[in-house]
file work.cif (mmCIF, N, CA and C atoms)
data_my_file
#
loop_
_atom_site.label_atom_id
_atom_site.label_comp_id
_atom_site.auth_asym_id
_atom_site.auth_seq_id
_atom_site.Cartn_x
_atom_site.Cartn_y
_atom_site.Cartn_z
N MET A 17 30.93 107.25 80.91
CA MET A 17 29.64 107.70 81.38
C MET A 17 29.23 108.92 80.56
N SER A 18 27.96 109.00 80.25
CA SER A 18 27.45 110.15 79.50
C SER A 18 27.12 111.29 80.46
N ARG A 19 26.86 112.46 79.90
CA ARG A 19 26.48 113.60 80.75
C ARG A 19 25.14 113.38 81.44
N GLN A 20 24.35 112.45 80.94
CA GLN A 20 23.07 112.12 81.56
C GLN A 20 23.23 111.09 82.68
N GLY A 21 24.46 110.63 82.90
CA GLY A 21 24.71 109.68 83.98
C GLY A 21 24.59 108.22 83.57
N LYS A 22 24.50 107.95 82.27
CA LYS A 22 24.40 106.57 81.79
C LYS A 22 25.80 105.98 81.66
N THR A 23 26.00 104.85 82.30
CA THR A 23 27.28 104.16 82.20
C THR A 23 27.31 103.41 80.87
N ARG A 24 28.35 103.66 80.09
CA ARG A 24 28.45 103.03 78.77
C ARG A 24 29.39 101.84 78.75
N LEU A 25 30.48 101.91 79.51
CA LEU A 25 31.42 100.81 79.61
C LEU A 25 31.90 100.71 81.05
N THR A 26 32.09 99.51 81.53
CA THR A 26 32.72 99.32 82.84
C THR A 26 33.71 98.18 82.74
N LYS A 27 34.80 98.34 83.43
CA LYS A 27 35.82 97.29 83.48
C LYS A 27 36.40 97.30 84.89
N TRP A 28 36.30 96.18 85.58
CA TRP A 28 36.79 96.05 86.95
C TRP A 28 38.01 95.15 86.95
N TYR A 29 39.09 95.62 87.56
CA TYR A 29 40.31 94.82 87.63
C TYR A 29 40.51 94.22 89.01
N SER A 30 39.56 94.41 89.90
CA SER A 30 39.62 93.82 91.24
C SER A 30 38.44 92.89 91.41
N GLN A 31 38.69 91.72 91.93
CA GLN A 31 37.62 90.74 92.16
C GLN A 31 36.98 90.90 93.53
N SER A 32 37.44 91.88 94.29
CA SER A 32 36.99 91.99 95.69
C SER A 32 35.64 92.69 95.85
N PHE A 33 35.04 93.17 94.77
CA PHE A 33 33.76 93.86 94.87
C PHE A 33 32.62 92.94 94.42
N THR A 34 31.53 92.97 95.17
CA THR A 34 30.33 92.24 94.77
C THR A 34 29.59 93.06 93.72
N ASN A 35 28.64 92.45 93.03
CA ASN A 35 27.84 93.19 92.05
C ASN A 35 27.05 94.31 92.72
N LYS A 36 26.58 94.07 93.92
CA LYS A 36 25.84 95.08 94.66
C LYS A 36 26.75 96.28 94.98
N GLN A 37 27.98 96.01 95.41
CA GLN A 37 28.93 97.08 95.69
C GLN A 37 29.26 97.85 94.42
N LYS A 38 29.48 97.14 93.33
CA LYS A 38 29.80 97.79 92.06
C LYS A 38 28.69 98.75 91.66
N SER A 39 27.46 98.31 91.76
CA SER A 39 26.31 99.14 91.40
C SER A 39 26.24 100.38 92.30
N LYS A 40 26.43 100.18 93.58
CA LYS A 40 26.41 101.29 94.54
C LYS A 40 27.53 102.28 94.23
N TYR A 41 28.73 101.77 93.99
CA TYR A 41 29.88 102.64 93.70
C TYR A 41 29.67 103.42 92.41
N LEU A 42 29.13 102.77 91.39
CA LEU A 42 28.88 103.47 90.13
C LEU A 42 27.92 104.64 90.33
N LYS A 43 26.86 104.44 91.09
CA LYS A 43 25.91 105.52 91.36
C LYS A 43 26.58 106.66 92.11
N GLU A 44 27.35 106.33 93.14
CA GLU A 44 28.03 107.36 93.93
C GLU A 44 29.02 108.15 93.07
N ILE A 45 29.83 107.43 92.32
CA ILE A 45 30.87 108.07 91.52
C ILE A 45 30.25 108.92 90.42
N ASN A 46 29.22 108.41 89.76
CA ASN A 46 28.53 109.19 88.73
C ASN A 46 27.98 110.49 89.30
N ALA A 47 27.38 110.42 90.48
CA ALA A 47 26.83 111.62 91.12
C ALA A 47 27.93 112.62 91.46
N ILE A 48 29.05 112.12 91.95
CA ILE A 48 30.17 113.01 92.30
C ILE A 48 30.71 113.71 91.06
N VAL A 49 30.99 112.94 90.02
CA VAL A 49 31.62 113.50 88.83
C VAL A 49 30.68 114.45 88.08
N LEU A 50 29.42 114.07 87.95
CA LEU A 50 28.47 114.91 87.21
C LEU A 50 28.22 116.26 87.88
N THR A 51 28.27 116.30 89.20
CA THR A 51 27.97 117.55 89.91
C THR A 51 29.22 118.40 90.16
N ARG A 52 30.37 117.89 89.79
CA ARG A 52 31.63 118.61 90.02
C ARG A 52 31.82 119.70 88.98
N SER A 53 32.27 120.86 89.42
CA SER A 53 32.51 121.98 88.53
C SER A 53 33.66 121.66 87.58
N SER A 54 33.58 122.17 86.37
CA SER A 54 34.65 121.95 85.39
C SER A 54 35.91 122.72 85.77
N ARG A 55 35.80 123.63 86.73
CA ARG A 55 36.97 124.39 87.18
C ARG A 55 37.83 123.60 88.18
N PHE A 56 37.30 122.51 88.70
CA PHE A 56 38.06 121.67 89.63
C PHE A 56 39.01 120.76 88.86
N CYS A 57 40.01 120.25 89.57
CA CYS A 57 40.94 119.32 88.92
C CYS A 57 40.22 118.00 88.64
N ASN A 58 40.85 117.17 87.86
CA ASN A 58 40.21 115.94 87.39
C ASN A 58 40.48 114.73 88.27
N PHE A 59 40.83 114.94 89.51
CA PHE A 59 40.98 113.81 90.43
C PHE A 59 40.64 114.24 91.84
N LEU A 60 40.16 113.27 92.62
CA LEU A 60 39.80 113.53 94.00
C LEU A 60 39.86 112.25 94.80
N GLU A 61 40.03 112.38 96.09
CA GLU A 61 40.05 111.20 96.95
C GLU A 61 38.62 110.79 97.25
N TRP A 62 38.41 109.48 97.28
CA TRP A 62 37.09 108.92 97.54
C TRP A 62 37.28 107.60 98.27
N ASN A 63 36.71 107.49 99.46
CA ASN A 63 36.91 106.31 100.31
C ASN A 63 38.41 106.02 100.42
N ASP A 64 38.82 104.82 100.12
CA ASP A 64 40.25 104.47 100.17
C ASP A 64 40.89 104.52 98.78
N TYR A 65 40.27 105.23 97.86
CA TYR A 65 40.72 105.27 96.47
C TYR A 65 40.81 106.71 95.98
N LYS A 66 41.20 106.83 94.71
CA LYS A 66 41.17 108.11 94.01
C LYS A 66 40.27 107.95 92.80
N ILE A 67 39.50 108.96 92.54
CA ILE A 67 38.73 109.03 91.30
C ILE A 67 39.53 109.92 90.36
N VAL A 68 39.85 109.41 89.19
CA VAL A 68 40.56 110.18 88.17
C VAL A 68 39.68 110.14 86.93
N TYR A 69 39.35 111.31 86.39
CA TYR A 69 38.43 111.33 85.25
C TYR A 69 38.80 112.44 84.29
N LYS A 70 38.28 112.34 83.09
CA LYS A 70 38.48 113.35 82.07
C LYS A 70 37.24 113.37 81.19
N ARG A 71 36.80 114.56 80.86
CA ARG A 71 35.63 114.70 79.98
C ARG A 71 36.09 114.97 78.56
N TYR A 72 35.53 114.22 77.64
CA TYR A 72 35.74 114.43 76.21
C TYR A 72 34.37 114.57 75.59
N ALA A 73 34.05 115.76 75.10
CA ALA A 73 32.74 116.06 74.51
C ALA A 73 31.64 115.70 75.50
N SER A 74 30.78 114.76 75.15
CA SER A 74 29.65 114.42 76.04
C SER A 74 29.93 113.20 76.91
N LEU A 75 31.17 112.72 76.90
CA LEU A 75 31.51 111.51 77.66
C LEU A 75 32.54 111.79 78.75
N PHE A 76 32.33 111.16 79.89
CA PHE A 76 33.31 111.18 80.96
C PHE A 76 33.99 109.82 80.98
N PHE A 77 35.30 109.82 81.01
CA PHE A 77 36.08 108.59 81.19
C PHE A 77 36.59 108.62 82.61
N ILE A 78 36.15 107.66 83.41
CA ILE A 78 36.39 107.68 84.86
C ILE A 78 37.14 106.42 85.27
N THR A 79 38.16 106.60 86.09
CA THR A 79 38.87 105.46 86.67
C THR A 79 38.89 105.61 88.18
N ILE A 80 38.91 104.49 88.85
CA ILE A 80 39.06 104.44 90.30
C ILE A 80 40.36 103.69 90.54
N VAL A 81 41.29 104.33 91.22
CA VAL A 81 42.61 103.72 91.42
C VAL A 81 43.01 103.79 92.89
N ASP A 82 44.02 103.03 93.24
CA ASP A 82 44.56 103.08 94.60
C ASP A 82 45.12 104.47 94.88
N LYS A 83 45.16 104.84 96.14
CA LYS A 83 45.66 106.16 96.53
C LYS A 83 47.11 106.38 96.12
N GLU A 84 47.88 105.31 95.99
CA GLU A 84 49.30 105.43 95.66
C GLU A 84 49.55 105.72 94.18
N GLU A 85 48.56 105.52 93.35
CA GLU A 85 48.73 105.72 91.90
C GLU A 85 48.97 107.19 91.57
N ASN A 86 49.73 107.41 90.52
CA ASN A 86 50.02 108.76 90.04
C ASN A 86 48.85 109.23 89.18
N GLU A 87 48.20 110.31 89.60
CA GLU A 87 47.01 110.80 88.90
C GLU A 87 47.31 111.21 87.46
N LEU A 88 48.47 111.83 87.26
CA LEU A 88 48.80 112.30 85.91
C LEU A 88 49.05 111.13 84.95
N SER A 89 49.64 110.06 85.44
CA SER A 89 49.83 108.90 84.57
C SER A 89 48.49 108.26 84.23
N ILE A 90 47.55 108.28 85.16
CA ILE A 90 46.21 107.73 84.88
C ILE A 90 45.49 108.61 83.86
N LEU A 91 45.62 109.93 83.98
CA LEU A 91 45.03 110.83 82.98
C LEU A 91 45.64 110.56 81.60
N GLU A 92 46.93 110.26 81.57
CA GLU A 92 47.59 109.94 80.31
C GLU A 92 47.06 108.63 79.71
N ILE A 93 46.79 107.65 80.55
CA ILE A 93 46.22 106.38 80.08
C ILE A 93 44.82 106.62 79.51
N ILE A 94 44.02 107.44 80.20
CA ILE A 94 42.68 107.77 79.69
C ILE A 94 42.80 108.44 78.32
N HIS A 95 43.71 109.40 78.22
CA HIS A 95 43.89 110.12 76.96
C HIS A 95 44.35 109.17 75.85
N HIS A 96 45.24 108.27 76.18
CA HIS A 96 45.73 107.27 75.21
C HIS A 96 44.57 106.40 74.70
N TYR A 97 43.70 105.99 75.62
CA TYR A 97 42.54 105.17 75.24
C TYR A 97 41.61 105.95 74.31
N VAL A 98 41.34 107.20 74.65
CA VAL A 98 40.46 108.02 73.82
C VAL A 98 41.09 108.25 72.44
N GLU A 99 42.39 108.45 72.38
CA GLU A 99 43.05 108.60 71.08
C GLU A 99 42.90 107.33 70.24
N CYS A 100 43.04 106.17 70.87
CA CYS A 100 42.85 104.91 70.14
C CYS A 100 41.42 104.79 69.64
N LEU A 101 40.46 105.14 70.48
CA LEU A 101 39.05 105.11 70.06
C LEU A 101 38.82 106.08 68.91
N ASP A 102 39.40 107.28 68.99
CA ASP A 102 39.26 108.27 67.92
C ASP A 102 39.83 107.76 66.61
N LYS A 103 40.99 107.15 66.67
CA LYS A 103 41.61 106.64 65.44
C LYS A 103 40.77 105.51 64.84
N TYR A 104 40.24 104.67 65.70
CA TYR A 104 39.45 103.54 65.21
C TYR A 104 38.10 103.99 64.66
N PHE A 105 37.37 104.78 65.44
CA PHE A 105 36.01 105.18 65.04
C PHE A 105 35.99 106.45 64.21
N GLY A 106 37.07 107.22 64.21
CA GLY A 106 37.08 108.50 63.53
C GLY A 106 36.26 109.50 64.32
N ASN A 107 36.84 110.09 65.34
CA ASN A 107 36.16 111.02 66.26
C ASN A 107 35.03 110.30 67.01
N VAL A 108 35.42 109.52 67.98
CA VAL A 108 34.50 108.67 68.74
C VAL A 108 33.39 109.49 69.40
N CYS A 109 32.19 108.93 69.41
CA CYS A 109 31.07 109.57 70.09
C CYS A 109 30.33 108.51 70.92
N GLU A 110 29.36 108.96 71.68
CA GLU A 110 28.62 108.06 72.56
C GLU A 110 27.96 106.91 71.79
N LEU A 111 27.43 107.20 70.61
CA LEU A 111 26.77 106.15 69.81
C LEU A 111 27.74 105.05 69.40
N ASP A 112 29.01 105.43 69.14
CA ASP A 112 30.01 104.41 68.82
C ASP A 112 30.16 103.42 69.97
N LEU A 113 30.17 103.95 71.19
CA LEU A 113 30.32 103.09 72.37
C LEU A 113 29.06 102.26 72.63
N ILE A 114 27.92 102.79 72.29
CA ILE A 114 26.67 102.05 72.50
C ILE A 114 26.56 100.89 71.51
N PHE A 115 26.78 101.17 70.22
CA PHE A 115 26.56 100.16 69.19
C PHE A 115 27.79 99.29 68.91
N ASN A 116 28.94 99.73 69.34
CA ASN A 116 30.17 98.96 69.11
C ASN A 116 30.94 98.77 70.41
N PHE A 117 30.20 98.51 71.49
CA PHE A 117 30.84 98.39 72.80
C PHE A 117 31.88 97.28 72.83
N HIS A 118 31.62 96.20 72.09
CA HIS A 118 32.57 95.09 72.07
C HIS A 118 33.92 95.52 71.49
N LYS A 119 33.91 96.42 70.52
CA LYS A 119 35.17 96.91 69.95
C LYS A 119 35.88 97.85 70.93
N ALA A 120 35.10 98.65 71.66
CA ALA A 120 35.70 99.53 72.67
C ALA A 120 36.35 98.71 73.77
N TYR A 121 35.71 97.62 74.17
CA TYR A 121 36.30 96.71 75.16
C TYR A 121 37.55 96.04 74.60
N PHE A 122 37.50 95.66 73.34
CA PHE A 122 38.65 95.00 72.72
C PHE A 122 39.85 95.93 72.70
N ILE A 123 39.63 97.20 72.36
CA ILE A 123 40.71 98.19 72.37
C ILE A 123 41.29 98.31 73.77
N LEU A 124 40.41 98.40 74.76
CA LEU A 124 40.86 98.51 76.15
C LEU A 124 41.65 97.27 76.57
N ASP A 125 41.18 96.10 76.18
CA ASP A 125 41.87 94.86 76.53
C ASP A 125 43.21 94.73 75.83
N GLU A 126 43.34 95.30 74.65
CA GLU A 126 44.64 95.30 73.96
C GLU A 126 45.63 96.24 74.64
N MET A 127 45.10 97.27 75.25
CA MET A 127 45.93 98.31 75.87
C MET A 127 46.32 97.97 77.31
N LEU A 128 45.37 97.45 78.08
CA LEU A 128 45.59 97.20 79.51
C LEU A 128 45.45 95.71 79.84
N ILE A 129 46.29 95.26 80.75
CA ILE A 129 46.15 93.92 81.31
C ILE A 129 46.20 94.08 82.82
N SER A 130 45.17 93.62 83.49
CA SER A 130 45.05 93.73 84.96
C SER A 130 45.18 95.18 85.43
N GLY A 131 44.73 96.11 84.61
CA GLY A 131 44.76 97.51 85.00
C GLY A 131 46.08 98.21 84.74
N HIS A 132 47.02 97.53 84.13
CA HIS A 132 48.33 98.12 83.85
C HIS A 132 48.52 98.22 82.34
N ILE A 133 49.11 99.32 81.90
CA ILE A 133 49.30 99.51 80.47
C ILE A 133 50.33 98.51 79.95
N MET A 134 49.94 97.79 78.93
CA MET A 134 50.82 96.78 78.36
C MET A 134 51.21 97.09 76.92
N GLU A 135 50.40 97.87 76.24
CA GLU A 135 50.73 98.21 74.86
C GLU A 135 50.58 99.71 74.65
N PRO A 136 51.70 100.43 74.62
CA PRO A 136 51.62 101.88 74.45
C PRO A 136 51.45 102.33 73.00
N SER A 137 51.68 101.45 72.05
CA SER A 137 51.64 101.83 70.64
C SER A 137 50.22 101.81 70.09
N LYS A 138 49.72 102.97 69.71
CA LYS A 138 48.38 103.06 69.11
C LYS A 138 48.34 102.29 67.79
N LYS A 139 49.41 102.41 67.01
CA LYS A 139 49.46 101.71 65.72
C LYS A 139 49.33 100.20 65.89
N LEU A 140 50.05 99.67 66.87
CA LEU A 140 50.00 98.22 67.08
C LEU A 140 48.64 97.77 67.61
N ILE A 141 48.04 98.57 68.48
CA ILE A 141 46.70 98.26 68.99
C ILE A 141 45.71 98.20 67.84
N LEU A 142 45.72 99.23 66.99
CA LEU A 142 44.78 99.29 65.88
C LEU A 142 45.05 98.20 64.84
N LYS A 143 46.33 97.89 64.63
CA LYS A 143 46.69 96.81 63.70
C LYS A 143 46.14 95.48 64.20
N THR A 144 46.26 95.24 65.50
CA THR A 144 45.74 94.00 66.09
C THR A 144 44.23 93.91 65.93
N ILE A 145 43.54 95.02 66.13
CA ILE A 145 42.08 95.05 66.00
C ILE A 145 41.67 94.80 64.55
N GLN A 146 42.38 95.42 63.62
CA GLN A 146 42.07 95.20 62.21
C GLN A 146 42.33 93.74 61.81
N SER A 147 43.40 93.15 62.34
CA SER A 147 43.68 91.74 62.06
C SER A 147 42.57 90.85 62.60
N GLN A 148 42.08 91.19 63.78
CA GLN A 148 40.99 90.43 64.39
C GLN A 148 39.72 90.53 63.53
N GLU A 149 39.45 91.72 62.99
CA GLU A 149 38.27 91.89 62.14
C GLU A 149 38.39 91.08 60.85
N VAL A 150 39.58 91.07 60.25
CA VAL A 150 39.80 90.29 59.03
C VAL A 150 39.61 88.81 59.34
N TYR A 151 40.15 88.35 60.45
CA TYR A 151 39.99 86.96 60.87
C TYR A 151 38.52 86.61 61.06
N LYS A 152 37.78 87.51 61.71
CA LYS A 152 36.36 87.28 61.95
C LYS A 152 35.58 87.21 60.63
N GLU A 153 35.87 88.14 59.71
CA GLU A 153 35.19 88.15 58.41
C GLU A 153 35.50 86.88 57.62
N ASP A 154 36.76 86.43 57.67
CA ASP A 154 37.14 85.20 56.98
C ASP A 154 36.36 84.01 57.53
N ASN A 155 36.20 83.94 58.82
CA ASN A 155 35.45 82.85 59.44
C ASN A 155 33.98 82.90 59.09
N ILE A 156 33.42 84.09 58.99
CA ILE A 156 32.01 84.24 58.60
C ILE A 156 31.82 83.75 57.16
N VAL A 157 32.73 84.15 56.27
CA VAL A 157 32.65 83.73 54.87
C VAL A 157 32.78 82.21 54.77
N LYS A 158 33.74 81.64 55.49
CA LYS A 158 33.95 80.18 55.45
C LYS A 158 32.74 79.43 55.99
N SER A 159 32.16 79.91 57.07
CA SER A 159 31.00 79.22 57.64
C SER A 159 29.79 79.33 56.73
N SER A 160 29.62 80.47 56.05
CA SER A 160 28.48 80.60 55.13
C SER A 160 28.68 79.71 53.90
N GLN A 161 29.93 79.55 53.46
CA GLN A 161 30.20 78.65 52.33
C GLN A 161 29.95 77.21 52.72
N ASN A 162 30.31 76.84 53.94
CA ASN A 162 30.08 75.47 54.42
C ASN A 162 28.59 75.17 54.55
N GLN A 163 27.80 76.16 54.91
CA GLN A 163 26.36 75.96 55.06
C GLN A 163 25.68 75.77 53.71
N LYS A 164 26.23 76.38 52.67
CA LYS A 164 25.64 76.26 51.34
C LYS A 164 25.88 74.88 50.74
N LYS A 165 26.93 74.20 51.20
CA LYS A 165 27.28 72.88 50.63
C LYS A 165 26.36 71.84 51.08
#
call {"tool": "encode", "arguments": {"input": "work.cif", "output": "structure tokens"}}
result
Amino acid sequence: MSRQGKTRLTKWYSQSFTNKQKSKYLKEINAIVLTRSSRFCNFLEWNDYKIVYKRYASLFFITIVDKEENELSILEIIHHYVECLDKYFGNVCELDLIFNFHKAYFILDEMLISGHIMEPSKKLILKTIQSQEVYKEDNIVKSSQNQKK
């Protein structure tokens, strides 16, 4: 989420929420996080969940987790994701997420499965993404060559 309250990426690992609930929750959570003082800690209880967030430059990375989850491990996952984005984009900014949202989702999907960290290696995550890009470029070249024939 940006400092202006614009949601840039969302990923839900629970199927129990309707689209209407998701929209309502996003508005509530954005309002809570944006109005919170920077002197407060980066997690708080909300309904039956915890909000865990971290601000990097003009972006807030926000997660909603079960009350039983360890807040510090969630902050570490957020930091790991931002480091991967930084390595890929070279100091990630809001525009990177706007114009390359599919790549930001791909990085997240390489890192997490069903909300649990599955790949802790930044090098392996980035290598997989680069391999995917090479594969995509090869397919584009092949399809353009086939169209010329």
call {"tool": "residues_around", "arguments": {"input": "work.cif", "residues": "Gln20 in chain A", "least_positions_apart": "4", "cutoff": "8 Å", "atoms": "only N, CA and C atoms", "output": "ChimeraX atom specification"}}
result
/A:50,74-75
call {"tool": "atom_distance", "arguments": {"input": "work.cif", "atom1": "atom C of Thr144 in chain A", "atom2": "CA of Gly131 in chain A"}}
result
19.4 Å
call {"tool": "closest_residue", "arguments": {"input": "work.cif", "among": "A:His132, A:Ser147, A:Ser53, A:Ser159", "to": "Glu85 in chain A", "atoms": "only C-alpha atoms"}}
result
A:His132
call {"tool": "residues_around", "arguments": {"input": "work.cif", "residues": "Ile67 in chain A", "least_positions_apart": "6", "cutoff": "9 Å", "atoms": "only C-alpha atoms", "output": "list in words"}}
result
Ile45, Val49, Asn58, Phe59, Leu60, Glu61, Ile78, Thr79, Ile80, Val81, Asp82 and Glu87 of chain A
call {"tool": "atom_distance", "arguments": {"input": "work.cif", "atom1": "CA of Gln163 in chain A", "atom2": "CA of Gln148 in chain A"}}
result
22.6 Å
call {"tool": "residues_around", "arguments": {"input": "work.cif", "residues": "range 111-127 of chain A", "least_positions_apart": "4", "cutoff": "8 Å", "atoms": "only C-alpha atoms", "output": "PyMOL selection string"}}
result
chain A and resi 24-25+97+100-101+105+133-136+141-142+145
call {"tool": "select_by_dssp", "arguments": {"input": "work.cif", "residues": "range 84-155 of chain A", "states": "strand (DSSP E)", "output": "JSON, numbers by chain"}}
result
{"A": [128, 129, 132, 133]}
call {"tool": "decode", "arguments": {"input": "work.cif", "residues": "range 28-71 of chain A", "atoms": "C-alpha atoms", "output": "PDB file, in the first residue's frame"}}
result
ATOM      1  CA  TRP A  28      -5.162 -13.821  -0.022  1.00  0.00           C
ATOM      2  CA  TYR A  29      -4.302 -17.279   1.271  1.00  0.00           C
ATOM      3  CA  SER A  30      -7.737 -17.935   2.774  1.00  0.00           C
ATOM      4  CA  GLN A  31     -10.772 -18.732   0.651  1.00  0.00           C
ATOM      5  CA  SER A  32     -13.177 -17.877   3.465  1.00  0.00           C
ATOM      6  CA  PHE A  33     -13.515 -14.177   2.580  1.00  0.00           C
ATOM      7  CA  THR A  34     -15.948 -12.815   0.011  1.00  0.00           C
ATOM      8  CA  ASN A  35     -14.886 -10.022  -2.348  1.00  0.00           C
ATOM      9  CA  LYS A  36     -17.074  -7.631  -0.375  1.00  0.00           C
ATOM     10  CA  GLN A  37     -15.345  -8.609   2.883  1.00  0.00           C
ATOM     11  CA  LYS A  38     -11.920  -8.278   1.279  1.00  0.00           C
ATOM     12  CA  SER A  39     -12.727  -4.770   0.082  1.00  0.00           C
ATOM     13  CA  LYS A  40     -14.075  -3.777   3.496  1.00  0.00           C
ATOM     14  CA  TYR A  41     -11.047  -5.227   5.301  1.00  0.00           C
ATOM     15  CA  LEU A  42      -8.604  -3.481   2.968  1.00  0.00           C
ATOM     16  CA  LYS A  43     -10.234  -0.109   3.672  1.00  0.00           C
ATOM     17  CA  GLU A  44     -10.213  -0.707   7.433  1.00  0.00           C
ATOM     18  CA  ILE A  45      -6.630  -1.936   7.527  1.00  0.00           C
ATOM     19  CA  ASN A  46      -5.361   0.870   5.285  1.00  0.00           C
ATOM     20  CA  ALA A  47      -7.010   3.441   7.567  1.00  0.00           C
ATOM     21  CA  ILE A  48      -5.509   1.845  10.673  1.00  0.00           C
ATOM     22  CA  VAL A  49      -1.974   1.585   9.309  1.00  0.00           C
ATOM     23  CA  LEU A  50      -1.879   5.025   7.662  1.00  0.00           C
ATOM     24  CA  THR A  51      -3.013   6.839  10.807  1.00  0.00           C
ATOM     25  CA  ARG A  52      -0.706   4.929  13.154  1.00  0.00           C
ATOM     26  CA  SER A  53       2.275   6.795  14.560  1.00  0.00           C
ATOM     27  CA  SER A  54       5.705   5.645  13.415  1.00  0.00           C
ATOM     28  CA  ARG A  55       6.655   5.417  17.104  1.00  0.00           C
ATOM     29  CA  PHE A  56       4.293   2.458  17.601  1.00  0.00           C
ATOM     30  CA  CYS A  57       5.360  -1.126  17.019  1.00  0.00           C
ATOM     31  CA  ASN A  58       4.683  -2.718  13.654  1.00  0.00           C
ATOM     32  CA  PHE A  59       1.969  -5.126  14.756  1.00  0.00           C
ATOM     33  CA  LEU A  60      -1.406  -4.925  16.438  1.00  0.00           C
ATOM     34  CA  GLU A  61      -4.414  -7.083  17.128  1.00  0.00           C
ATOM     35  CA  TRP A  62      -7.385  -6.604  14.835  1.00  0.00           C
ATOM     36  CA  ASN A  63     -10.607  -8.615  15.040  1.00  0.00           C
ATOM     37  CA  ASP A  64      -9.499 -12.251  15.350  1.00  0.00           C
ATOM     38  CA  TYR A  65      -6.197 -11.562  13.573  1.00  0.00           C
ATOM     39  CA  LYS A  66      -2.952  -9.624  13.834  1.00  0.00           C
ATOM     40  CA  ILE A  67      -1.875  -6.889  11.479  1.00  0.00           C
ATOM     41  CA  VAL A  68       1.876  -7.014  10.898  1.00  0.00           C
ATOM     42  CA  TYR A  69       3.366  -4.316   8.688  1.00  0.00           C
ATOM     43  CA  LYS A  70       6.583  -2.559   7.792  1.00  0.00           C
ATOM     44  CA  ARG A  71       7.160   0.679   5.930  1.00  0.00           C
TER      45      ARG A  71
END
